[in-house]
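Undergrad: Quick one: structure below, then a few questions.
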Amino acid sequence: MSELLNTPVKQPNKIVTQHNNLINSHFDIPTVQLRAFIYALGHIHKDDKELTHVKIPISALYTSKGGKNFKQVAKLASDLQEIKFKIENLGADKNGQVKRTFASMVIFPTVTYTQDSKYIVTKINNDLAPYLLDLKGNYTQAELEQLLGLKTIQAYRIYMLIKQGQFKDKPTTISYRELRLMLGLDIELSDEEARKQGLPEGETVQVIKYPLFAEFKRRILDAAKEDLKDTDMAFDYKINKRGRNADSITFSLIKTIRIHLPESGKSSKLEASLIQQELFFSPTTNPAIDKVTKNAIRIMKEKYSFSDELIDRYIRLLDPVVITKANNWFSTNKGTLSFTSESEWFSKHLENKIEKNKRQL
């Protein structure tokens with residue numbers, strides 16, 4: 001075990017990737033422990049065949065300055081070994097009927113820490129490998145720096161929830177019941193466990209936190225909205241009711257995009273303008289603008305197979321019209337160009353445009 005302490009400190013990747021079933025799993029953990037998990041995710045590479053040990057600087061897990069003493073680090077190591085994810089999978093039984101199955105997994109089976117209290121060394125549970133390695137689809141990517149900067153576990157969970165549906169044609173809607181389970185505010189018990197807990201007949205969900213919706217709204221929805229307002233997943237939400245009770249919640253992504261608007265009285269000239277618009281059927285959405293953006297997204301996703309993270313980068317940093325025109329030019333002239341991959345060439349072309357825009361600022 002002592003040789004693990006000689007594990008070198010490595011620079012994490014800028015992008016982390018997770019299977020959506022892992023993102024939607026049921027858990028609630030303190031922010032420091034969440035950062036340890038995210039930091040460990042940052043050391044997984046696309047071509048990795050197995051999970052490996054990671055040396056995590058304690059300073060990367062805390063926003064406050066100053067070191068932590070041995071007792072604090074020892075407690076952190078112990079707490080990390082208690083974290084569990086409850087992951088739902090859908091499969092068919094022998095009769096072909098769709099069946100929900102759940103797997104409860106510890107994230108960090110072992111955690112080693114150095115005597116100087118500067119590092120912990122750990123490895124993500126190998127049972128989680130199918131949700132992190134060799135992913136072929138149904139996964140979501142996010143920027144490591146963005147995730148590490150989030151203040152609460154609730155902000156992280158909602159960030160990743162919205163991120164999954166970022167390029168879909170409609171907003172993300174989740175039932176109030178499922179969102180509470182996902183956030184670990186409620187837990188689902190077996191019939192026997194429910195009876196032991198004294199729950200009413202037929203009720204199997206035990207409330208852990210924030211039983212009143214007003215409290216849930218303030219501590220979860222409004223707090224996450226505030227935390228994410230300056231990120232790429234800034235959002236607004238709508239509470240959908242059944243009768244007088246909350247039934248589901250719809251999250252609409254607020255996107256800052258660059259568009260061109262005609263100058264007043266000078267229809268022949270265009271000026272650049274940044275606007276805030278809600279995508280996904282917002283009442284204020286301009287259909288023409290939305291159509292251009294969606295077309296640029298479609299081109300990058302279907303023709304060039306860009307990742308969601310890369311698409312998000314180009315939509316944020318370039319005018320969607322520029323992306324569309326670049327694609328048209330490339331389609332017309334690619335016979336005269338030398339390249340090994342259309343996706344690689346087009347990505348480099350867009351990166352060059354971003355750099356050119358920066359120099360002009």
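Lettering and numbering for the structure tokens are positional, with chains as A, B, ... in the shown order, residues counted from 1 in each chain, and ligands counted from 1 in the shown order.
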Sort by chain and increasing residue number a table of all residues of stretch 186-232 of chain A within 10 Å of stretch 240-253 of chain A, each with its closest pair of atoms and their distance in Å to one decimal, counting only C-alpha atoms, and write it as CSV.
TA:
```
residue,atom,partner,partner_atom,distance
A:Phe213,CA,A:Ala246,CA,7.8
A:Leu221,CA,A:Ile249,CA,9.6
A:Asp232,CA,A:Leu253,CA,8.7
```
Undergrad: Using DSSP on the backbone coordinates, identify all residues within stretch 76-224 of chain A classified as strand (DSSP E); present the result as a PyMOL selection string.
TA: chain A and resi 84-92+98-106+111-113+119-122+139-143+172-175+186-188+205-207
Undergrad: Could you please write out, as number ranges by chain, every residue of stretch 57-269 of chain A that DSSP assigns to alpha helix (DSSP H)?
TA: A: 70-80, 144-148, 153-164, 176-182, 191-196, 213-216, 223-227
Undergrad: Store the residues of this selection in a file with C-alpha atoms, as a PDB file, in the first residue's frame.
TA:
```
ATOM      1  CA  PHE A  70      -3.818  15.158   9.593  1.00  0.00           C
ATOM      2  CA  LYS A  71      -7.046  14.565  11.508  1.00  0.00           C
ATOM      3  CA  GLN A  72      -9.123  16.421   8.908  1.00  0.00           C
ATOM      4  CA  VAL A  73      -7.560  14.519   6.018  1.00  0.00           C
ATOM      5  CA  ALA A  74      -8.031  11.211   7.832  1.00  0.00           C
ATOM      6  CA  LYS A  75     -11.732  12.011   8.256  1.00  0.00           C
ATOM      7  CA  LEU A  76     -12.021  12.968   4.577  1.00  0.00           C
ATOM      8  CA  ALA A  77     -10.439   9.651   3.583  1.00  0.00           C
ATOM      9  CA  SER A  78     -12.902   7.790   5.791  1.00  0.00           C
ATOM     10  CA  ASP A  79     -15.888   9.762   4.472  1.00  0.00           C
ATOM     11  CA  LEU A  80     -14.893   9.142   0.848  1.00  0.00           C
ATOM     12  CA  LEU A 144     -13.569  19.963 -15.440  1.00  0.00           C
ATOM     13  CA  GLU A 145     -12.852  23.541 -14.387  1.00  0.00           C
ATOM     14  CA  GLN A 146     -16.526  24.440 -14.665  1.00  0.00           C
ATOM     15  CA  LEU A 147     -17.580  21.510 -12.479  1.00  0.00           C
ATOM     16  CA  LEU A 148     -14.921  22.088  -9.823  1.00  0.00           C
ATOM     17  CA  ILE A 153     -23.854  19.288  -5.001  1.00  0.00           C
ATOM     18  CA  GLN A 154     -27.328  20.437  -6.085  1.00  0.00           C
ATOM     19  CA  ALA A 155     -25.847  22.839  -8.645  1.00  0.00           C
ATOM     20  CA  TYR A 156     -23.659  20.035 -10.006  1.00  0.00           C
ATOM     21  CA  ARG A 157     -26.560  17.594 -10.314  1.00  0.00           C
ATOM     22  CA  ILE A 158     -28.816  20.086 -12.099  1.00  0.00           C
ATOM     23  CA  TYR A 159     -25.917  21.270 -14.287  1.00  0.00           C
ATOM     24  CA  MET A 160     -25.341  17.721 -15.531  1.00  0.00           C
ATOM     25  CA  LEU A 161     -29.075  17.029 -15.855  1.00  0.00           C
ATOM     26  CA  ILE A 162     -29.533  20.022 -18.174  1.00  0.00           C
ATOM     27  CA  LYS A 163     -26.267  19.257 -19.974  1.00  0.00           C
ATOM     28  CA  GLN A 164     -27.663  15.890 -21.086  1.00  0.00           C
ATOM     29  CA  TYR A 176     -40.626  16.099  -8.980  1.00  0.00           C
ATOM     30  CA  ARG A 177     -40.542  12.645  -7.401  1.00  0.00           C
ATOM     31  CA  GLU A 178     -37.649  11.421  -9.563  1.00  0.00           C
ATOM     32  CA  LEU A 179     -35.656  14.625  -9.055  1.00  0.00           C
ATOM     33  CA  ARG A 180     -35.934  14.257  -5.281  1.00  0.00           C
ATOM     34  CA  LEU A 181     -34.748  10.644  -5.507  1.00  0.00           C
ATOM     35  CA  MET A 182     -31.891  11.596  -7.823  1.00  0.00           C
ATOM     36  CA  ASP A 191     -41.729  -3.070   1.267  1.00  0.00           C
ATOM     37  CA  GLU A 192     -40.139  -4.638   4.341  1.00  0.00           C
ATOM     38  CA  GLU A 193     -37.928  -1.601   5.008  1.00  0.00           C
ATOM     39  CA  ALA A 194     -40.924   0.701   4.575  1.00  0.00           C
ATOM     40  CA  ARG A 195     -42.889  -1.252   7.186  1.00  0.00           C
ATOM     41  CA  LYS A 196     -39.960  -1.081   9.618  1.00  0.00           C
ATOM     42  CA  PHE A 213     -41.953  22.193  -1.691  1.00  0.00           C
ATOM     43  CA  ALA A 214     -41.324  25.831  -0.760  1.00  0.00           C
ATOM     44  CA  GLU A 215     -38.157  24.737   1.022  1.00  0.00           C
ATOM     45  CA  PHE A 216     -37.141  22.513  -1.912  1.00  0.00           C
ATOM     46  CA  ALA A 223     -29.882  28.073  -5.125  1.00  0.00           C
ATOM     47  CA  ALA A 224     -28.770  26.090  -8.194  1.00  0.00           C
ATOM     48  CA  LYS A 225     -30.140  28.762 -10.521  1.00  0.00           C
ATOM     49  CA  GLU A 226     -28.050  31.388  -8.740  1.00  0.00           C
ATOM     50  CA  ASP A 227     -24.928  29.203  -8.748  1.00  0.00           C
TER      51      ASP A 227
END
```
Undergrad: Calculated over only C-alpha atoms, which of the candidates A:Arg316, A:Lys334, A:His26, A:Lys168 has the smallest distance to A:Lys294?
TA: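 Of A:Arg316, A:Lys334, A:His26, A:Lys168, the one nearest A:Lys294, counting only C-alpha atoms, is A:Lys168.
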Undergrad: Hey, which of A:Glu50, A:Asp127, A:Asp319, A:Asp236 ends up closest to A:Lys84? Count only C-alpha atoms.
TA: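 The answer is A:Asp127, which sits nearest to A:Lys84.
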Undergrad: Pick out the residues sitting within 12 Å of A:Lys356, and hand them over as a list in words; count only C-alpha atoms, and ignore anything fewer than 6 positions along from it in its own chain.
TA: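 These residues fall inside the cut-off: Leu317, Leu318, His349 and Leu350 of chain A.
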Undergrad: Write the residues of the selection above to a file with N, CA and C atoms, as a short mmCIF file (atom, residue, chain, number, x, y, z; two decimals), in the first residue's frame.
TA:
```cif
data_model
loop_
_atom_site.label_atom_id
_atom_site.label_comp_id
_atom_site.auth_asym_id
_atom_site.auth_seq_id
_atom_site.Cartn_x
_atom_site.Cartn_y
_atom_site.Cartn_z
N LEU A 317 -18.83 30.53 -28.91
CA LEU A 317 -17.76 31.43 -29.32
C LEU A 317 -17.86 31.92 -30.76
N LEU A 318 -18.74 31.32 -31.54
CA LEU A 318 -18.88 31.73 -32.93
C LEU A 318 -20.34 31.98 -33.29
N HIS A 349 -10.39 24.63 -38.48
CA HIS A 349 -10.86 25.83 -39.18
C HIS A 349 -11.67 26.73 -38.23
N LEU A 350 -12.54 26.13 -37.43
CA LEU A 350 -13.34 26.91 -36.49
C LEU A 350 -12.47 27.48 -35.37
#
```
Undergrad: Contacts of stretch 308-312 of chain A at 9 Å or less, counting only C-alpha atoms, minus same-chain residues fewer than 2 places along, as number ranges by chain?
TA: A: 15, 140-143, 163-164, 166-167, 232, 296-297, 300-301, 306, 314-317, 347
Undergrad: Next, write the just-selected residues to a file, as a PDB file, in the first residue's frame, keeping N, CA, C and O atoms as the atom set.
TA:
```pdb
ATOM      1  N   ILE A  15     -11.675  17.888 -19.994  1.00  0.00           N
ATOM      2  CA  ILE A  15     -13.035  17.400 -20.204  1.00  0.00           C
ATOM      3  C   ILE A  15     -13.244  16.101 -19.432  1.00  0.00           C
ATOM      4  O   ILE A  15     -12.375  15.228 -19.425  1.00  0.00           O
ATOM      5  N   THR A 140     -22.379  12.059 -21.451  1.00  0.00           N
ATOM      6  CA  THR A 140     -22.338  13.520 -21.449  1.00  0.00           C
ATOM      7  C   THR A 140     -20.956  13.982 -21.026  1.00  0.00           C
ATOM      8  O   THR A 140     -20.343  13.391 -20.132  1.00  0.00           O
ATOM      9  N   GLN A 141     -20.471  15.039 -21.675  1.00  0.00           N
ATOM     10  CA  GLN A 141     -19.166  15.603 -21.360  1.00  0.00           C
ATOM     11  C   GLN A 141     -19.325  17.003 -20.775  1.00  0.00           C
ATOM     12  O   GLN A 141     -20.272  17.712 -21.086  1.00  0.00           O
ATOM     13  N   ALA A 142     -18.381  17.377 -19.922  1.00  0.00           N
ATOM     14  CA  ALA A 142     -18.408  18.710 -19.317  1.00  0.00           C
ATOM     15  C   ALA A 142     -16.982  19.145 -19.012  1.00  0.00           C
ATOM     16  O   ALA A 142     -16.071  18.316 -18.905  1.00  0.00           O
ATOM     17  N   GLU A 143     -16.790  20.450 -18.874  1.00  0.00           N
ATOM     18  CA  GLU A 143     -15.470  20.982 -18.571  1.00  0.00           C
ATOM     19  C   GLU A 143     -15.157  20.788 -17.092  1.00  0.00           C
ATOM     20  O   GLU A 143     -15.954  21.149 -16.224  1.00  0.00           O
ATOM     21  N   LYS A 163     -27.303  19.499 -18.967  1.00  0.00           N
ATOM     22  CA  LYS A 163     -26.267  19.257 -19.974  1.00  0.00           C
ATOM     23  C   LYS A 163     -26.634  18.079 -20.879  1.00  0.00           C
ATOM     24  O   LYS A 163     -26.370  18.099 -22.083  1.00  0.00           O
ATOM     25  N   GLN A 164     -27.266  17.063 -20.300  1.00  0.00           N
ATOM     26  CA  GLN A 164     -27.663  15.890 -21.086  1.00  0.00           C
ATOM     27  C   GLN A 164     -28.608  16.259 -22.222  1.00  0.00           C
ATOM     28  O   GLN A 164     -28.543  15.697 -23.312  1.00  0.00           O
ATOM     29  N   GLN A 166     -28.947  19.212 -23.673  1.00  0.00           N
ATOM     30  CA  GLN A 166     -28.546  20.501 -24.233  1.00  0.00           C
ATOM     31  C   GLN A 166     -28.907  20.659 -25.706  1.00  0.00           C
ATOM     32  O   GLN A 166     -29.309  21.731 -26.146  1.00  0.00           O
ATOM     33  N   PHE A 167     -28.771  19.601 -26.491  1.00  0.00           N
ATOM     34  CA  PHE A 167     -28.974  19.727 -27.932  1.00  0.00           C
ATOM     35  C   PHE A 167     -30.239  19.017 -28.407  1.00  0.00           C
ATOM     36  O   PHE A 167     -30.380  18.697 -29.582  1.00  0.00           O
ATOM     37  N   ASP A 232     -22.221  27.998 -18.557  1.00  0.00           N
ATOM     38  CA  ASP A 232     -22.845  27.667 -19.837  1.00  0.00           C
ATOM     39  C   ASP A 232     -24.166  26.930 -19.664  1.00  0.00           C
ATOM     40  O   ASP A 232     -24.860  26.663 -20.646  1.00  0.00           O
ATOM     41  N   ALA A 296     -26.784  24.866 -37.346  1.00  0.00           N
ATOM     42  CA  ALA A 296     -25.342  24.785 -37.078  1.00  0.00           C
ATOM     43  C   ALA A 296     -25.033  23.595 -36.178  1.00  0.00           C
ATOM     44  O   ALA A 296     -24.049  22.873 -36.386  1.00  0.00           O
ATOM     45  N   ILE A 297     -25.871  23.382 -35.178  1.00  0.00           N
ATOM     46  CA  ILE A 297     -25.693  22.239 -34.274  1.00  0.00           C
ATOM     47  C   ILE A 297     -25.831  20.926 -35.043  1.00  0.00           C
ATOM     48  O   ILE A 297     -25.043  19.994 -34.873  1.00  0.00           O
ATOM     49  N   MET A 300     -22.694  20.177 -37.169  1.00  0.00           N
ATOM     50  CA  MET A 300     -21.542  19.730 -36.378  1.00  0.00           C
ATOM     51  C   MET A 300     -21.748  18.335 -35.811  1.00  0.00           C
ATOM     52  O   MET A 300     -20.809  17.540 -35.710  1.00  0.00           O
ATOM     53  N   LYS A 301     -22.983  18.029 -35.442  1.00  0.00           N
ATOM     54  CA  LYS A 301     -23.263  16.734 -34.813  1.00  0.00           C
ATOM     55  C   LYS A 301     -23.346  15.613 -35.844  1.00  0.00           C
ATOM     56  O   LYS A 301     -22.737  14.555 -35.681  1.00  0.00           O
ATOM     57  N   PHE A 306     -19.025  15.881 -33.994  1.00  0.00           N
ATOM     58  CA  PHE A 306     -18.412  16.575 -32.871  1.00  0.00           C
ATOM     59  C   PHE A 306     -19.086  16.153 -31.570  1.00  0.00           C
ATOM     60  O   PHE A 306     -20.285  15.856 -31.543  1.00  0.00           O
ATOM     61  N   TYR A 314     -18.260  25.856 -29.803  1.00  0.00           N
ATOM     62  CA  TYR A 314     -18.355  26.632 -31.035  1.00  0.00           C
ATOM     63  C   TYR A 314     -19.624  27.479 -31.087  1.00  0.00           C
ATOM     64  O   TYR A 314     -19.609  28.591 -31.625  1.00  0.00           O
ATOM     65  N   ILE A 315     -20.713  26.983 -30.508  1.00  0.00           N
ATOM     66  CA  ILE A 315     -21.943  27.779 -30.470  1.00  0.00           C
ATOM     67  C   ILE A 315     -21.770  28.992 -29.559  1.00  0.00           C
ATOM     68  O   ILE A 315     -22.305  30.069 -29.811  1.00  0.00           O
ATOM     69  N   ARG A 316     -20.988  28.811 -28.485  1.00  0.00           N
ATOM     70  CA  ARG A 316     -20.759  29.926 -27.562  1.00  0.00           C
ATOM     71  C   ARG A 316     -19.819  30.974 -28.139  1.00  0.00           C
ATOM     72  O   ARG A 316     -19.968  32.162 -27.886  1.00  0.00           O
ATOM     73  N   LEU A 317     -18.834  30.527 -28.906  1.00  0.00           N
ATOM     74  CA  LEU A 317     -17.763  31.434 -29.315  1.00  0.00           C
ATOM     75  C   LEU A 317     -17.857  31.918 -30.760  1.00  0.00           C
ATOM     76  O   LEU A 317     -17.119  32.824 -31.150  1.00  0.00           O
ATOM     77  N   SER A 347     -12.757  21.301 -37.461  1.00  0.00           N
ATOM     78  CA  SER A 347     -12.525  21.769 -36.094  1.00  0.00           C
ATOM     79  C   SER A 347     -11.387  22.784 -36.054  1.00  0.00           C
ATOM     80  O   SER A 347     -11.495  23.833 -35.409  1.00  0.00           O
TER      81      SER A 347
END
```
Undergrad: When you count only C-alpha atoms, which of these residues is closest to A:Pro12: A:Phe108, A:Tyr119, A:Tyr62, A:Tyr39?
TA: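 For A:Pro12, the nearest of the given residues is A:Tyr39.
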Undergrad: Rank nothing, just name the residue among A:Pro200, A:Gly149, A:Pro130, A:Pro211 nearest to A:Asn89, using only C-alpha atoms.
TA: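 Closest residue, counting only C-alpha atoms: A:Pro130.
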